[in-house]
Amino acid sequence: AQQSNKITNVLAENIASKGENHEYTVWIFFKDKGANLAQKLLTAKQTLNPRSKERRKKLLKNKPLVSFYDVPVLDTYINAVTPFLVKFRHQSKWLNAISAEVNGMQLKEITNLDFVKYIDIVRKRKYDKELMKNKTNSKVTKNTTYNLDYGSSLTQLEQINVPVVHDMGYSGSGIIICVLDAGFNNLEHPSFDNMTILDAYDFVNDDANVDDEGDMGTGNHGTMTLSTIGGFYQGELIGPAYAASYLLAKTENTDSETQVEEDY
């Protein structure tokens, strides 16, 4: 009864289909974050990144700047679960959970730990994509002169009044934007010559190279989205936040395109 209460129906169905000797990629959720939560919240507030602190002051108004979600997953819980794992993958303080690869037989042992709330599978179902039909091109033209030469990107930017905002002096300067994607395969393009990339990491292959290098997750989608957001190439392409600083995270595995990406 205890096991059935802690294993989700989806995971239970997988075990029934594939057997207990199969290896499963799961999320293990914990009940709490241990004792002395007030002190942990204070520590989280003291170590909060200054940019995060200023952003939260603006958005949260008079509400507390930190919450349960800012407190790390309890190391004691992770250490207690680790002996039952085939492979530890990631931890999430937001979900208060870890993801791991576990043999079906060991799942029984994990459910007996009183601090484990429940266990769910890391989803891998693939969804069919409905192709866009009756695609039409619409062009908006205005007889307006702007300070920048937007080239062919003018139409899309005028639809949301970006050129007017640029002329007012707003360009993303001082803002950090994190792009989670895959296929950052052409960062040498002139559109990125003046872009400030603070850091980059490939969470799919666990290395610091987000470019295509013969591993999982390739293509040009990351290049396209990044250039759309912050590219700058006078007369060709200018993104709304061309003066922002960027963090690039490769989180999408284009070899599979499944919900396992929530793990990355």
# chains A, B, ... in the order shown; residues from 1 in each chain; ligands from 1
>>> residues_around(residues="Val26 in chain A", least_positions_apart="2", cutoff="10 Å", atoms="only C-alpha atoms", output="list of chain:residue names")
A:Leu11, A:Glu23, A:Tyr24, A:Ile28, A:Phe29, A:Arg89, A:Ala97, A:Ile98, A:Ser99, A:Ala100, A:Glu101, A:Val102, A:Leu107, A:Ile119, A:Asp120, A:Ile121, A:Val122, A:Arg123, A:Val260, A:Asp263
>>> write_last_selection(atoms="N, CA and C atoms", output="JSON list (two decimals), in the first residue's frame")
[["chain", "number", "residue", "atom", "x", "y", "z"],
["A", 11, "LEU", "N", 4.14, 5.70, -13.92],
["A", 11, "LEU", "CA", 5.31, 4.89, -13.64],
["A", 11, "LEU", "C", 4.90, 3.44, -13.36],
["A", 23, "GLU", "N", 15.43, -0.59, -16.27],
["A", 23, "GLU", "CA", 15.96, 0.65, -15.70],
["A", 23, "GLU", "C", 15.04, 1.81, -16.07],
["A", 24, "TYR", "N", 14.68, 2.62, -15.10],
["A", 24, "TYR", "CA", 13.73, 3.71, -15.33],
["A", 24, "TYR", "C", 14.37, 5.06, -14.97],
["A", 28, "ILE", "N", 12.35, 11.76, -8.20],
["A", 28, "ILE", "CA", 12.08, 11.37, -6.82],
["A", 28, "ILE", "C", 11.80, 12.65, -6.04],
["A", 29, "PHE", "N", 10.56, 12.83, -5.61],
["A", 29, "PHE", "CA", 10.15, 14.04, -4.91],
["A", 29, "PHE", "C", 10.21, 13.83, -3.40],
["A", 89, "ARG", "N", 21.20, 12.06, -11.75],
["A", 89, "ARG", "CA", 21.18, 12.95, -12.90],
["A", 89, "ARG", "C", 21.23, 14.43, -12.46],
["A", 97, "ALA", "N", 13.19, 17.88, -5.71],
["A", 97, "ALA", "CA", 13.29, 16.52, -6.25],
["A", 97, "ALA", "C", 14.65, 16.32, -6.90],
["A", 98, "ILE", "N", 14.98, 15.05, -7.12],
["A", 98, "ILE", "CA", 16.14, 14.71, -7.93],
["A", 98, "ILE", "C", 15.67, 13.81, -9.06],
["A", 99, "SER", "N", 16.38, 13.84, -10.17],
["A", 99, "SER", "CA", 16.11, 12.90, -11.25],
["A", 99, "SER", "C", 17.25, 11.89, -11.27],
["A", 100, "ALA", "N", 16.90, 10.64, -11.59],
["A", 100, "ALA", "CA", 17.90, 9.58, -11.54],
["A", 100, "ALA", "C", 17.46, 8.40, -12.39],
["A", 101, "GLU", "N", 18.43, 7.54, -12.67],
["A", 101, "GLU", "CA", 18.13, 6.27, -13.32],
["A", 101, "GLU", "C", 18.14, 5.20, -12.24],
["A", 102, "VAL", "N", 17.05, 4.45, -12.18],
["A", 102, "VAL", "CA", 16.86, 3.49, -11.08],
["A", 102, "VAL", "C", 16.34, 2.17, -11.63],
["A", 107, "LEU", "N", 13.20, 0.67, -6.78],
["A", 107, "LEU", "CA", 12.13, 1.64, -6.53],
["A", 107, "LEU", "C", 11.35, 1.27, -5.27],
["A", 119, "ILE", "N", 7.25, 9.16, -6.50],
["A", 119, "ILE", "CA", 8.19, 8.96, -7.59],
["A", 119, "ILE", "C", 7.41, 8.96, -8.91],
["A", 120, "ASP", "N", 7.91, 9.70, -9.87],
["A", 120, "ASP", "CA", 7.24, 9.78, -11.17],
["A", 120, "ASP", "C", 8.28, 9.57, -12.26],
["A", 121, "ILE", "N", 7.85, 9.10, -13.39],
["A", 121, "ILE", "CA", 8.77, 8.86, -14.50],
["A", 121, "ILE", "C", 9.10, 10.18, -15.21],
["A", 122, "VAL", "N", 10.32, 10.31, -15.71],
["A", 122, "VAL", "CA", 10.65, 11.44, -16.57],
["A", 122, "VAL", "C", 10.05, 11.13, -17.94],
["A", 123, "ARG", "N", 9.10, 11.92, -18.35],
["A", 123, "ARG", "CA", 8.29, 11.59, -19.52],
["A", 123, "ARG", "C", 9.11, 11.57, -20.80],
["A", 260, "VAL", "N", 11.77, 14.43, -21.82],
["A", 260, "VAL", "CA", 12.99, 14.27, -21.01],
["A", 260, "VAL", "C", 13.74, 15.60, -20.92],
["A", 263, "ASP", "N", 14.01, 17.54, -17.76],
["A", 263, "ASP", "CA", 15.08, 17.13, -16.87],
["A", 263, "ASP", "C", 16.30, 18.01, -17.08]]
>>> residues_around(residues="range 230-233 of chain A", least_positions_apart="2", cutoff="9 Å", atoms="only C-alpha atoms", output="list in words")
Asp149, Tyr150, Gly151, Gly172, Pro190, Ser191, Phe192, Asp193, Asn194, Met195, Thr225, Leu226, Ser227, Thr228, Gly235, Glu236, Leu237, Ile238, Gly239, Pro240, Ala241, Tyr242, Ala243, Ala244, Ser245 and Tyr246 of chain A
>>> closest_atom_pairs(of="range 110-220 of chain A", to="range 53-74 of chain A", cutoff="12 Å", atoms="only C-alpha atoms", output="CSV")
residue,atom,partner,partner_atom,distance
A:Phe115,CA,A:Leu74,CA,10.5
A:Val116,CA,A:Leu74,CA,11.7
A:Ile175,CA,A:Arg55,CA,10.5
A:Ile176,CA,A:Arg55,CA,11.4
>>> select_by_dssp(residues="range 135-205 of chain A", states="strand (DSSP E or B)", output="ChimeraX atom specification")
/A:176-181,196-202
>>> closest_residue(among="A:Asn79, A:Asn21, A:Ser153, A:Gln106", to="Gln234 in chain A", atoms="only C-alpha atoms")
A:Ser153
>>> closest_atom_pairs(of="range 26-133 of chain A", to="range 14-20 of chain A", cutoff="8 Å", atoms="only C-alpha atoms", output="tab-separated table")
residue	atom	partner	partner_atom	distance
A:Asn103	CA	A:Glu20	CA	7.0
A:Gly104	CA	A:Glu20	CA	4.2
A:Met105	CA	A:Glu20	CA	5.2
>>> write_last_selection(atoms="all heavy atoms", output="PDB file, in the first residue's frame")
ATOM      1  N   ASN A 103      16.863   1.062 -11.111  1.00  0.00           N
ATOM      2  CA  ASN A 103      16.322  -0.247 -11.438  1.00  0.00           C
ATOM      3  C   ASN A 103      14.966  -0.413 -10.765  1.00  0.00           C
ATOM      4  O   ASN A 103      14.751   0.036  -9.644  1.00  0.00           O
ATOM      5  CB  ASN A 103      17.293  -1.333 -10.960  1.00  0.00           C
ATOM      6  CG  ASN A 103      16.845  -2.725 -11.371  1.00  0.00           C
ATOM      7  OD1 ASN A 103      16.004  -3.321 -10.729  1.00  0.00           O
ATOM      8  ND2 ASN A 103      17.404  -3.215 -12.464  1.00  0.00           N
ATOM      9  N   GLY A 104      14.031  -1.055 -11.455  1.00  0.00           N
ATOM     10  CA  GLY A 104      12.679  -1.205 -10.938  1.00  0.00           C
ATOM     11  C   GLY A 104      12.618  -1.847  -9.568  1.00  0.00           C
ATOM     12  O   GLY A 104      11.774  -1.491  -8.737  1.00  0.00           O
ATOM     13  N   MET A 105      13.511  -2.790  -9.298  1.00  0.00           N
ATOM     14  CA  MET A 105      13.528  -3.444  -7.990  1.00  0.00           C
ATOM     15  C   MET A 105      13.889  -2.465  -6.876  1.00  0.00           C
ATOM     16  O   MET A 105      13.394  -2.559  -5.757  1.00  0.00           O
ATOM     17  CB  MET A 105      14.535  -4.599  -8.014  1.00  0.00           C
ATOM     18  CG  MET A 105      14.136  -5.746  -8.931  1.00  0.00           C
ATOM     19  SD  MET A 105      12.678  -6.641  -8.332  1.00  0.00           S
ATOM     20  CE  MET A 105      13.350  -7.407  -6.870  1.00  0.00           C
TER      21      MET A 105
END
>>> residues_around(residues="range 206-214 of chain A", least_positions_apart="3", cutoff="10 Å", atoms="only C-alpha atoms", output="count of residues only")
23
>>> closest_residue(among="A:Thr196, A:Val179, A:Lys87, A:Arg51", to="His221 in chain A", atoms="only C-alpha atoms")
A:Val179
>>> select_by_dssp(residues="range 24-235 of chain A", states="helix (DSSP H, G or I)", output="ChimeraX atom specification")
/A:37-46,50-60,68-70,75-84,104-111,151-158,162-167,190-192,221-230
>>> closest_residue(among="A:Val10, A:Leu41, A:Ile229, A:Cys178", to="Leu157 in chain A", atoms="only C-alpha atoms")
A:Ile229
